[in-house]
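Trainee: Input: one structure, supplied below.
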Amino acid sequence: MIRGRLTLAALTALGLSKSPAAVAADPEPHAAVLRLRVARSPAVYLRPLAFEMGSSDEEVLAALVRCKREPLPDRCDESTFASETPPHREHVAGIWMARTEVTVAEYARCVAVGRCAPAGFEGGGQRFQRPTLPVTLVTFDDAKRYCAFRGGRLPSEAEFERAARGPMRRRYPWGQAYHPKLSNHGRLGVDASDASDGFAELAPVGSFPDGATPEGILDLAGNAAEWTLDAFTPDYGSPPIGERAVRGGSFDSSAAFLRGAARVGKSPETREPTLGFRCVWPTRPLGE
């Protein structure tokens with residue numbers, strides 16, 4: 001967080017500080033300093049990076065062990081995380097990535113000018129329509145059109161994983177260890193919701209600041225899973241199967257599916273309350 005300081009003279013003039021004499025007598029004169037919060041940019045620059053993408057056999061096994069701790073462990077087996085293999089080198093150019101997922105309010109502005117199709121809130125999804133929630137119930141093409149409207153595009157899988165894992169190949173956006181209070185997550189059970197993190201369903205974007213990456217990107221794990229630009233493949237050596245790659249996990253995803261390497265495939269026509277998106281730009285976006 002960037003913070004500013006005001007001089008003592010300025011503070012005294014504004015009536016926000018003690019007089020110089022009082023400060024001289026104060027055993028802790030630093031207490032008279034006023035700190036100002038500076039608004040954060042809505043997009044974050046990620047420098048170019050060559051990294052190992054995907055998961056090793058040991059990492060897949062660790063994910064399986066984590067998944068076996070869930071209420072329905074039999075839903076995890078050796079094939080559950082096979083799509084993350086084999087690990088391979090990728091080079092990602094420098095990009096600007098949205099700090100949060102696109103919100104309902106942001107998407108509505110695109111709909112209002114006729115550039116985007118309405119999200120599918122009708123028919124029982126109205127509770128997901130609050131302005132500060134991530135927009136969900138949008139198809140792959142809906143997400144692509146919105147990012148084009150903003151002068152950007154969807155992130156590739158490699159760009160998403162680069163953001164979530166960084167040069168140290170973190171397991172989760174915040175670090176190596178799972179922490180249930182750092183994301184809006186679910187569980188692998190008959191009821192996939194888990195309100196122990198404070199939210200049974202979607203949360204306003206940015207509700208888990210302590211779960212940010214070191215660069216300050218939020219919500220890369222949990223809340224709403226995210227469309228990416230790429231076609232999904234059963235593993236990194238196989239051809240596409242007609243689905244699009246989705247990353248990040250959602251409010252009904254258990255811990256193993258919140259890892260930066262985790263990936264699933266969805267039909268491009270899918271509309272789900274668990275599925276949203278964010279945008280990236282090759283250069284600093286307008287208005288930054």
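Naming works like this for the structure tokens: A, B, ... for the chains as they're shown, residue 1 at the start of each chain, ligands 1 onward in shown order.
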Residues within 8 Å of Asp194 (chain A), please, as a list in words. Count only C-alpha atoms; anything in the same chain fewer than 5 positions from it doesn't count.
Mentor: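 Skipping anything fewer than 5 positions along the chain leaves His185, Gly186, Arg187, Phe199, Ala200, Phe251 and Asp252 of chain A.
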Trainee: Taking a cut-off of 8 Å and counting only C-alpha atoms, can you build a table that, for each residue of region 222-253 of chain A near region 77-99 of chain A, reports the nearest atom pair and how far apart they are in Å (one decimal), sorted by chain then residue number, as a tab-separated table?
Mentor:
```
residue	atom	partner	partner_atom	distance
A:Thr233	CA	A:Ser83	CA	7.1
A:Pro234	CA	A:Ser83	CA	5.0
A:Asp235	CA	A:Ser83	CA	3.9
A:Tyr236	CA	A:Thr85	CA	6.0
A:Gly237	CA	A:Pro86	CA	7.5
```
Trainee: Using the selection just defined, write its residues with C-alpha atoms as a compact mmCIF listing (two decimals), in the first residue's frame.
Mentor:
```txt
# COMPACT_ATOMS: atom_id res chain seq x y z
CA THR A 233 -6.82 -29.94 -23.63
CA PRO A 234 -6.95 -33.09 -21.47
CA ASP A 235 -3.23 -32.56 -20.84
CA TYR A 236 -0.54 -30.35 -22.30
CA GLY A 237 0.35 -32.86 -25.01
```
Trainee: As a list in words, please: the residues near Met168 (chain A) (cut-off 12 Å, only C-alpha atoms, same-chain neighbours under 6 positions excluded).
Mentor: Leu49, Ala50, Phe51, Glu52, Met53, Glu161, Arg162, Trp174, Gly175, Gln176, Thr213, Pro214 and Gly260 of chain A
Trainee: Between A:Val190, A:Ala195, A:Val138, A:Val113, which one has atoms that come closest to Ala225 (chain A), using only C-alpha atoms?
Mentor: A:Val138
Trainee: For region 130-223 of chain A versus region 61-68 of chain A, which residues have an atom no more than 12 Å away, and what is each residue's nearest atom pair and distance in Å rounded to one decimal, using only C-alpha atoms, chain-then-number order, as JSON lines?
Mentor:
```
{"residue": "A:Arg171", "atom": "CA", "partner": "A:Ala63", "partner_atom": "CA", "distance": 9.8}
{"residue": "A:Tyr172", "atom": "CA", "partner": "A:Ala63", "partner_atom": "CA", "distance": 11.6}
{"residue": "A:Gln176", "atom": "CA", "partner": "A:Ala62", "partner_atom": "CA", "distance": 11.8}
{"residue": "A:Ala177", "atom": "CA", "partner": "A:Arg66", "partner_atom": "CA", "distance": 11.2}
{"residue": "A:Tyr178", "atom": "CA", "partner": "A:Arg66", "partner_atom": "CA", "distance": 9.7}
{"residue": "A:Arg187", "atom": "CA", "partner": "A:Cys67", "partner_atom": "CA", "distance": 9.3}
{"residue": "A:Leu188", "atom": "CA", "partner": "A:Cys67", "partner_atom": "CA", "distance": 7.9}
{"residue": "A:Gly189", "atom": "CA", "partner": "A:Cys67", "partner_atom": "CA", "distance": 11.0}
```
Trainee: Report as a PDB file with all heavy atoms, in the first residue's frame: the residues of region 73-280 of chain A with a DSSP assignment of alpha helix (DSSP H), based on the backbone of this structure.
Mentor:
```pdb
ATOM      1  N   VAL A 104     -20.352  -6.766 -11.912  1.00  0.00           N
ATOM      2  CA  VAL A 104     -21.679  -6.628 -12.514  1.00  0.00           C
ATOM      3  C   VAL A 104     -21.877  -5.207 -13.033  1.00  0.00           C
ATOM      4  O   VAL A 104     -22.380  -4.994 -14.142  1.00  0.00           O
ATOM      5  CB  VAL A 104     -22.768  -6.994 -11.492  1.00  0.00           C
ATOM      6  CG1 VAL A 104     -24.158  -6.594 -11.991  1.00  0.00           C
ATOM      7  CG2 VAL A 104     -22.730  -8.486 -11.176  1.00  0.00           C
ATOM      8  N   ALA A 105     -21.473  -4.211 -12.247  1.00  0.00           N
ATOM      9  CA  ALA A 105     -21.652  -2.810 -12.653  1.00  0.00           C
ATOM     10  C   ALA A 105     -20.834  -2.479 -13.893  1.00  0.00           C
ATOM     11  O   ALA A 105     -21.308  -1.788 -14.807  1.00  0.00           O
ATOM     12  CB  ALA A 105     -21.261  -1.881 -11.503  1.00  0.00           C
ATOM     13  N   GLU A 106     -19.599  -2.969 -13.961  1.00  0.00           N
ATOM     14  CA  GLU A 106     -18.755  -2.706 -15.130  1.00  0.00           C
ATOM     15  C   GLU A 106     -19.343  -3.351 -16.378  1.00  0.00           C
ATOM     16  O   GLU A 106     -19.389  -2.735 -17.447  1.00  0.00           O
ATOM     17  CB  GLU A 106     -17.344  -3.220 -14.864  1.00  0.00           C
ATOM     18  CG  GLU A 106     -16.578  -2.412 -13.831  1.00  0.00           C
ATOM     19  CD  GLU A 106     -15.298  -3.078 -13.384  1.00  0.00           C
ATOM     20  OE1 GLU A 106     -15.198  -4.327 -13.459  1.00  0.00           O
ATOM     21  OE2 GLU A 106     -14.393  -2.361 -12.929  1.00  0.00           O
ATOM     22  N   TYR A 107     -19.781  -4.583 -16.254  1.00  0.00           N
ATOM     23  CA  TYR A 107     -20.350  -5.281 -17.404  1.00  0.00           C
ATOM     24  C   TYR A 107     -21.638  -4.608 -17.873  1.00  0.00           C
ATOM     25  O   TYR A 107     -21.907  -4.519 -19.076  1.00  0.00           O
ATOM     26  CB  TYR A 107     -20.614  -6.740 -17.046  1.00  0.00           C
ATOM     27  CG  TYR A 107     -20.987  -7.596 -18.224  1.00  0.00           C
ATOM     28  CD1 TYR A 107     -20.006  -8.112 -19.062  1.00  0.00           C
ATOM     29  CD2 TYR A 107     -22.321  -7.897 -18.501  1.00  0.00           C
ATOM     30  CE1 TYR A 107     -20.352  -8.904 -20.157  1.00  0.00           C
ATOM     31  CE2 TYR A 107     -22.669  -8.677 -19.585  1.00  0.00           C
ATOM     32  CZ  TYR A 107     -21.677  -9.176 -20.415  1.00  0.00           C
ATOM     33  OH  TYR A 107     -22.025  -9.950 -21.503  1.00  0.00           O
ATOM     34  N   ALA A 108     -22.428  -4.099 -16.938  1.00  0.00           N
ATOM     35  CA  ALA A 108     -23.697  -3.452 -17.290  1.00  0.00           C
ATOM     36  C   ALA A 108     -23.479  -2.234 -18.181  1.00  0.00           C
ATOM     37  O   ALA A 108     -24.327  -1.915 -19.024  1.00  0.00           O
ATOM     38  CB  ALA A 108     -24.445  -3.054 -16.023  1.00  0.00           C
ATOM     39  N   ARG A 109     -22.360  -1.547 -18.017  1.00  0.00           N
ATOM     40  CA  ARG A 109     -22.084  -0.381 -18.863  1.00  0.00           C
ATOM     41  C   ARG A 109     -21.876  -0.801 -20.315  1.00  0.00           C
ATOM     42  O   ARG A 109     -22.262  -0.080 -21.240  1.00  0.00           O
ATOM     43  CB  ARG A 109     -20.866   0.378 -18.328  1.00  0.00           C
ATOM     44  CG  ARG A 109     -21.154   1.108 -17.019  1.00  0.00           C
ATOM     45  CD  ARG A 109     -20.077   2.106 -16.677  1.00  0.00           C
ATOM     46  NE  ARG A 109     -18.878   1.490 -16.143  1.00  0.00           N
ATOM     47  CZ  ARG A 109     -18.684   1.231 -14.857  1.00  0.00           C
ATOM     48  NH1 ARG A 109     -19.631   1.523 -13.968  1.00  0.00           N
ATOM     49  NH2 ARG A 109     -17.562   0.691 -14.433  1.00  0.00           N
ATOM     50  N   CYS A 110     -21.279  -1.961 -20.522  1.00  0.00           N
ATOM     51  CA  CYS A 110     -21.102  -2.481 -21.881  1.00  0.00           C
ATOM     52  C   CYS A 110     -22.447  -2.881 -22.483  1.00  0.00           C
ATOM     53  O   CYS A 110     -22.704  -2.643 -23.660  1.00  0.00           O
ATOM     54  CB  CYS A 110     -20.146  -3.672 -21.846  1.00  0.00           C
ATOM     55  SG  CYS A 110     -19.726  -4.366 -23.452  1.00  0.00           S
ATOM     56  N   VAL A 111     -23.302  -3.485 -21.663  1.00  0.00           N
ATOM     57  CA  VAL A 111     -24.648  -3.853 -22.120  1.00  0.00           C
ATOM     58  C   VAL A 111     -25.436  -2.599 -22.479  1.00  0.00           C
ATOM     59  O   VAL A 111     -26.147  -2.559 -23.499  1.00  0.00           O
ATOM     60  CB  VAL A 111     -25.384  -4.664 -21.028  1.00  0.00           C
ATOM     61  CG1 VAL A 111     -26.830  -4.938 -21.435  1.00  0.00           C
ATOM     62  CG2 VAL A 111     -24.649  -5.976 -20.747  1.00  0.00           C
ATOM     63  N   ALA A 112     -25.294  -1.549 -21.687  1.00  0.00           N
ATOM     64  CA  ALA A 112     -26.078  -0.327 -21.874  1.00  0.00           C
ATOM     65  C   ALA A 112     -25.791   0.355 -23.207  1.00  0.00           C
ATOM     66  O   ALA A 112     -26.678   0.995 -23.785  1.00  0.00           O
ATOM     67  CB  ALA A 112     -25.812   0.649 -20.729  1.00  0.00           C
ATOM     68  N   PHE A 140     -18.343 -17.668 -22.881  1.00  0.00           N
ATOM     69  CA  PHE A 140     -16.989 -17.347 -23.339  1.00  0.00           C
ATOM     70  C   PHE A 140     -17.011 -16.165 -24.303  1.00  0.00           C
ATOM     71  O   PHE A 140     -16.215 -15.227 -24.183  1.00  0.00           O
ATOM     72  CB  PHE A 140     -16.377 -18.586 -24.003  1.00  0.00           C
ATOM     73  CG  PHE A 140     -15.068 -18.344 -24.690  1.00  0.00           C
ATOM     74  CD1 PHE A 140     -13.907 -18.149 -23.956  1.00  0.00           C
ATOM     75  CD2 PHE A 140     -14.993 -18.320 -26.076  1.00  0.00           C
ATOM     76  CE1 PHE A 140     -12.691 -17.932 -24.590  1.00  0.00           C
ATOM     77  CE2 PHE A 140     -13.781 -18.103 -26.719  1.00  0.00           C
ATOM     78  CZ  PHE A 140     -12.625 -17.905 -25.978  1.00  0.00           C
ATOM     79  N   ASP A 141     -17.942 -16.172 -25.264  1.00  0.00           N
ATOM     80  CA  ASP A 141     -18.026 -15.061 -26.217  1.00  0.00           C
ATOM     81  C   ASP A 141     -18.438 -13.759 -25.541  1.00  0.00           C
ATOM     82  O   ASP A 141     -17.962 -12.681 -25.910  1.00  0.00           O
ATOM     83  CB  ASP A 141     -19.001 -15.397 -27.348  1.00  0.00           C
ATOM     84  CG  ASP A 141     -18.410 -16.358 -28.358  1.00  0.00           C
ATOM     85  OD1 ASP A 141     -17.174 -16.474 -28.421  1.00  0.00           O
ATOM     86  OD2 ASP A 141     -19.189 -16.990 -29.107  1.00  0.00           O
ATOM     87  N   ASP A 142     -19.327 -13.830 -24.536  1.00  0.00           N
ATOM     88  CA  ASP A 142     -19.696 -12.632 -23.778  1.00  0.00           C
ATOM     89  C   ASP A 142     -18.450 -12.007 -23.145  1.00  0.00           C
ATOM     90  O   ASP A 142     -18.253 -10.785 -23.195  1.00  0.00           O
ATOM     91  CB  ASP A 142     -20.682 -12.974 -22.663  1.00  0.00           C
ATOM     92  CG  ASP A 142     -22.057 -13.390 -23.165  1.00  0.00           C
ATOM     93  OD1 ASP A 142     -22.411 -13.042 -24.308  1.00  0.00           O
ATOM     94  OD2 ASP A 142     -22.777 -14.069 -22.403  1.00  0.00           O
ATOM     95  N   ALA A 143     -17.628 -12.855 -22.547  1.00  0.00           N
ATOM     96  CA  ALA A 143     -16.415 -12.367 -21.887  1.00  0.00           C
ATOM     97  C   ALA A 143     -15.445 -11.769 -22.896  1.00  0.00           C
ATOM     98  O   ALA A 143     -14.852 -10.708 -22.664  1.00  0.00           O
ATOM     99  CB  ALA A 143     -15.755 -13.513 -21.120  1.00  0.00           C
ATOM    100  N   LYS A 144     -15.280 -12.431 -24.038  1.00  0.00           N
ATOM    101  CA  LYS A 144     -14.388 -11.904 -25.075  1.00  0.00           C
ATOM    102  C   LYS A 144     -14.856 -10.544 -25.570  1.00  0.00           C
ATOM    103  O   LYS A 144     -14.040  -9.621 -25.760  1.00  0.00           O
ATOM    104  CB  LYS A 144     -14.336 -12.876 -26.261  1.00  0.00           C
ATOM    105  CG  LYS A 144     -13.396 -14.043 -26.094  1.00  0.00           C
ATOM    106  CD  LYS A 144     -13.386 -14.936 -27.326  1.00  0.00           C
ATOM    107  CE  LYS A 144     -12.957 -14.181 -28.569  1.00  0.00           C
ATOM    108  NZ  LYS A 144     -12.928 -15.082 -29.758  1.00  0.00           N
ATOM    109  N   ARG A 145     -16.156 -10.396 -25.778  1.00  0.00           N
ATOM    110  CA  ARG A 145     -16.679  -9.124 -26.279  1.00  0.00           C
ATOM    111  C   ARG A 145     -16.464  -7.997 -25.272  1.00  0.00           C
ATOM    112  O   ARG A 145     -16.134  -6.870 -25.647  1.00  0.00           O
ATOM    113  CB  ARG A 145     -18.166  -9.257 -26.618  1.00  0.00           C
ATOM    114  CG  ARG A 145     -18.432  -9.899 -27.972  1.00  0.00           C
ATOM    115  CD  ARG A 145     -19.881  -9.698 -28.402  1.00  0.00           C
ATOM    116  NE  ARG A 145     -20.797 -10.443 -27.544  1.00  0.00           N
ATOM    117  CZ  ARG A 145     -21.205 -11.680 -27.772  1.00  0.00           C
ATOM    118  NH1 ARG A 145     -20.767 -12.333 -28.844  1.00  0.00           N
ATOM    119  NH2 ARG A 145     -22.050 -12.285 -26.955  1.00  0.00           N
ATOM    120  N   TYR A 146     -16.662  -8.305 -23.994  1.00  0.00           N
ATOM    121  CA  TYR A 146     -16.462  -7.251 -23.001  1.00  0.00           C
ATOM    122  C   TYR A 146     -15.006  -6.789 -22.987  1.00  0.00           C
ATOM    123  O   TYR A 146     -14.731  -5.580 -22.966  1.00  0.00           O
ATOM    124  CB  TYR A 146     -16.858  -7.720 -21.605  1.00  0.00           C
ATOM    125  CG  TYR A 146     -16.539  -6.664 -20.567  1.00  0.00           C
ATOM    126  CD1 TYR A 146     -17.447  -5.647 -20.303  1.00  0.00           C
ATOM    127  CD2 TYR A 146     -15.308  -6.649 -19.913  1.00  0.00           C
ATOM    128  CE1 TYR A 146     -17.141  -4.640 -19.386  1.00  0.00           C
ATOM    129  CE2 TYR A 146     -14.999  -5.654 -19.002  1.00  0.00           C
ATOM    130  CZ  TYR A 146     -15.918  -4.653 -18.751  1.00  0.00           C
ATOM    131  OH  TYR A 146     -15.594  -3.652 -17.866  1.00  0.00           O
ATOM    132  N   CYS A 147     -14.072  -7.727 -22.982  1.00  0.00           N
ATOM    133  CA  CYS A 147     -12.662  -7.330 -22.938  1.00  0.00           C
ATOM    134  C   CYS A 147     -12.283  -6.542 -24.189  1.00  0.00           C
ATOM    135  O   CYS A 147     -11.510  -5.568 -24.103  1.00  0.00           O
ATOM    136  CB  CYS A 147     -11.771  -8.556 -22.777  1.00  0.00           C
ATOM    137  SG  CYS A 147     -11.837  -9.299 -21.121  1.00  0.00           S
ATOM    138  N   ALA A 148     -12.822  -6.910 -25.348  1.00  0.00           N
ATOM    139  CA  ALA A 148     -12.570  -6.129 -26.564  1.00  0.00           C
ATOM    140  C   ALA A 148     -13.142  -4.724 -26.427  1.00  0.00           C
ATOM    141  O   ALA A 148     -12.530  -3.736 -26.860  1.00  0.00           O
ATOM    142  CB  ALA A 148     -13.162  -6.846 -27.769  1.00  0.00           C
ATOM    143  N   PHE A 149     -14.319  -4.601 -25.835  1.00  0.00           N
ATOM    144  CA  PHE A 149     -14.938  -3.300 -25.577  1.00  0.00           C
ATOM    145  C   PHE A 149     -14.016  -2.424 -24.727  1.00  0.00           C
ATOM    146  O   PHE A 149     -13.952  -1.201 -24.919  1.00  0.00           O
ATOM    147  CB  PHE A 149     -16.272  -3.535 -24.867  1.00  0.00           C
ATOM    148  CG  PHE A 149     -16.907  -2.318 -24.254  1.00  0.00           C
ATOM    149  CD1 PHE A 149     -17.451  -1.316 -25.044  1.00  0.00           C
ATOM    150  CD2 PHE A 149     -16.971  -2.175 -22.868  1.00  0.00           C
ATOM    151  CE1 PHE A 149     -18.039  -0.191 -24.469  1.00  0.00           C
ATOM    152  CE2 PHE A 149     -17.566  -1.066 -22.292  1.00  0.00           C
ATOM    153  CZ  PHE A 149     -18.098  -0.065 -23.094  1.00  0.00           C
ATOM    154  N   GLU A 157      -4.052 -19.075 -20.714  1.00  0.00           N
ATOM    155  CA  GLU A 157      -3.797 -19.917 -19.547  1.00  0.00           C
ATOM    156  C   GLU A 157      -2.419 -19.625 -18.954  1.00  0.00           C
ATOM    157  O   GLU A 157      -2.260 -19.566 -17.731  1.00  0.00           O
ATOM    158  CB  GLU A 157      -3.874 -21.388 -19.928  1.00  0.00           C
ATOM    159  CG  GLU A 157      -5.259 -21.965 -20.014  1.00  0.00           C
ATOM    160  CD  GLU A 157      -5.226 -23.466 -19.875  1.00  0.00           C
ATOM    161  OE1 GLU A 157      -5.091 -24.146 -20.904  1.00  0.00           O
ATOM    162  OE2 GLU A 157      -5.331 -23.964 -18.731  1.00  0.00           O
ATOM    163  N   ALA A 158      -1.430 -19.465 -19.822  1.00  0.00           N
ATOM    164  CA  ALA A 158      -0.073 -19.205 -19.328  1.00  0.00           C
ATOM    165  C   ALA A 158      -0.016 -17.885 -18.570  1.00  0.00           C
ATOM    166  O   ALA A 158       0.659 -17.780 -17.535  1.00  0.00           O
ATOM    167  CB  ALA A 158       0.912 -19.203 -20.496  1.00  0.00           C
ATOM    168  N   GLU A 159      -0.713 -16.871 -19.067  1.00  0.00           N
ATOM    169  CA  GLU A 159      -0.724 -15.578 -18.379  1.00  0.00           C
ATOM    170  C   GLU A 159      -1.406 -15.688 -17.019  1.00  0.00           C
ATOM    171  O   GLU A 159      -0.951 -15.098 -16.038  1.00  0.00           O
ATOM    172  CB  GLU A 159      -1.399 -14.532 -19.254  1.00  0.00           C
ATOM    173  CG  GLU A 159      -0.567 -14.141 -20.464  1.00  0.00           C
ATOM    174  CD  GLU A 159      -1.348 -13.384 -21.518  1.00  0.00           C
ATOM    175  OE1 GLU A 159      -2.601 -13.428 -21.497  1.00  0.00           O
ATOM    176  OE2 GLU A 159      -0.701 -12.764 -22.388  1.00  0.00           O
ATOM    177  N   PHE A 160      -2.506 -16.422 -16.961  1.00  0.00           N
ATOM    178  CA  PHE A 160      -3.191 -16.601 -15.683  1.00  0.00           C
ATOM    179  C   PHE A 160      -2.285 -17.333 -14.693  1.00  0.00           C
ATOM    180  O   PHE A 160      -2.155 -16.918 -13.531  1.00  0.00           O
ATOM    181  CB  PHE A 160      -4.493 -17.368 -15.878  1.00  0.00           C
ATOM    182  CG  PHE A 160      -5.365 -17.400 -14.651  1.00  0.00           C
ATOM    183  CD1 PHE A 160      -6.434 -16.533 -14.530  1.00  0.00           C
ATOM    184  CD2 PHE A 160      -5.112 -18.282 -13.603  1.00  0.00           C
ATOM    185  CE1 PHE A 160      -7.231 -16.537 -13.382  1.00  0.00           C
ATOM    186  CE2 PHE A 160      -5.891 -18.300 -12.462  1.00  0.00           C
ATOM    187  CZ  PHE A 160      -6.960 -17.424 -12.357  1.00  0.00           C
ATOM    188  N   GLU A 161      -1.652 -18.415 -15.133  1.00  0.00           N
ATOM    189  CA  GLU A 161      -0.803 -19.176 -14.225  1.00  0.00           C
ATOM    190  C   GLU A 161       0.422 -18.368 -13.815  1.00  0.00           C
ATOM    191  O   GLU A 161       0.868 -18.442 -12.668  1.00  0.00           O
ATOM    192  CB  GLU A 161      -0.389 -20.501 -14.859  1.00  0.00           C
ATOM    193  CG  GLU A 161       0.352 -21.403 -13.899  1.00  0.00           C
ATOM    194  CD  GLU A 161       0.414 -22.856 -14.329  1.00  0.00           C
ATOM    195  OE1 GLU A 161      -0.519 -23.320 -15.018  1.00  0.00           O
ATOM    196  OE2 GLU A 161       1.394 -23.528 -13.978  1.00  0.00           O
ATOM    197  N   ARG A 162       0.961 -17.587 -14.744  1.00  0.00           N
ATOM    198  CA  ARG A 162       2.094 -16.722 -14.393  1.00  0.00           C
ATOM    199  C   ARG A 162       1.694 -15.751 -13.279  1.00  0.00           C
ATOM    200  O   ARG A 162       2.446 -15.504 -12.339  1.00  0.00           O
ATOM    201  CB  ARG A 162       2.553 -15.948 -15.627  1.00  0.00           C
ATOM    202  CG  ARG A 162       3.734 -15.007 -15.377  1.00  0.00           C
ATOM    203  CD  ARG A 162       3.248 -13.565 -15.167  1.00  0.00           C
ATOM    204  NE  ARG A 162       4.341 -12.660 -14.928  1.00  0.00           N
ATOM    205  CZ  ARG A 162       4.820 -12.365 -13.724  1.00  0.00           C
ATOM    206  NH1 ARG A 162       4.321 -12.952 -12.646  1.00  0.00           N
ATOM    207  NH2 ARG A 162       5.807 -11.512 -13.581  1.00  0.00           N
ATOM    208  N   ALA A 163       0.471 -15.171 -13.393  1.00  0.00           N
ATOM    209  CA  ALA A 163       0.004 -14.230 -12.379  1.00  0.00           C
ATOM    210  C   ALA A 163      -0.215 -14.927 -11.039  1.00  0.00           C
ATOM    211  O   ALA A 163       0.131 -14.397  -9.983  1.00  0.00           O
ATOM    212  CB  ALA A 163      -1.285 -13.560 -12.839  1.00  0.00           C
ATOM    213  N   ALA A 164      -0.809 -16.108 -11.078  1.00  0.00           N
ATOM    214  CA  ALA A 164      -1.162 -16.810  -9.843  1.00  0.00           C
ATOM    215  C   ALA A 164       0.041 -17.421  -9.132  1.00  0.00           C
ATOM    216  O   ALA A 164       0.059 -17.501  -7.900  1.00  0.00           O
ATOM    217  CB  ALA A 164      -2.192 -17.900 -10.142  1.00  0.00           C
ATOM    218  N   ARG A 165       1.055 -17.824  -9.889  1.00  0.00           N
ATOM    219  CA  ARG A 165       2.162 -18.570  -9.285  1.00  0.00           C
ATOM    220  C   ARG A 165       3.460 -17.765  -9.186  1.00  0.00           C
ATOM    221  O   ARG A 165       4.286 -18.023  -8.308  1.00  0.00           O
ATOM    222  CB  ARG A 165       2.417 -19.866 -10.071  1.00  0.00           C
ATOM    223  CG  ARG A 165       1.189 -20.746 -10.191  1.00  0.00           C
ATOM    224  CD  ARG A 165       1.528 -22.108 -10.755  1.00  0.00           C
ATOM    225  NE  ARG A 165       2.220 -22.934  -9.769  1.00  0.00           N
ATOM    226  CZ  ARG A 165       2.700 -24.146 -10.027  1.00  0.00           C
ATOM    227  NH1 ARG A 165       2.587 -24.656 -11.240  1.00  0.00           N
ATOM    228  NH2 ARG A 165       3.310 -24.841  -9.095  1.00  0.00           N
TER     229      ARG A 165
END
```
Trainee: Need to verify the contact set: Leu229 (chain A), 9 Å, only C-alpha atoms, exclusion of same-chain residues closer than 5 positions in sequence. Can you return it as a VMD selection string?
Mentor: chain A and resid 140 144 153 to 157 244 to 246
Trainee: Restricting the calculation to only C-alpha atoms, which member of A:Glu272, A:Glu122, A:Glu59, A:Asp191 is positioned closest to Glu226 (chain A)?
Mentor: A:Glu272
Trainee: I'd like to know which of A:Thr274, A:Arg169, A:Val205, A:Thr139 is closest to Glu243 (chain A), using only C-alpha atoms.
Mentor: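 Of A:Thr274, A:Arg169, A:Val205, A:Thr139, the one nearest Glu243 (chain A), counting only C-alpha atoms, is A:Thr139.
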Trainee: Counting only C-alpha atoms, which of A:Pro173, A:Pro48, A:Pro204, A:Pro180 gets nearest to Ala262 (chain A)?
Mentor: A:Pro173
Trainee: Of the candidates A:Leu133, A:Leu218, A:Ala256, A:Leu46, which one gets nearest to Ala203 (chain A) if we count only C-alpha atoms?
Mentor: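 For Ala203 (chain A), the nearest of the candidates is A:Leu133.
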Trainee: A:Gly151, A:Gly120, A:Gly198, A:Pro268: which is nearest Asp230 (chain A), counting only C-alpha atoms?
Mentor: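 Smallest distance to Asp230 (chain A) is found for A:Pro268.
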Trainee: To one decimal place in Å, what is the distance between CA of Phe257 (chain A) and CA of Asp57 (chain A)?
Mentor: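 That distance, rounded to one decimal, is 16.3 Å.
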Trainee: Provide the CA of Gly166 (chain A) to CA of Val44 (chain A) distance in Å, to one decimal place.
Mentor: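 Rounded to one decimal, the two atoms are 13.4 Å apart.
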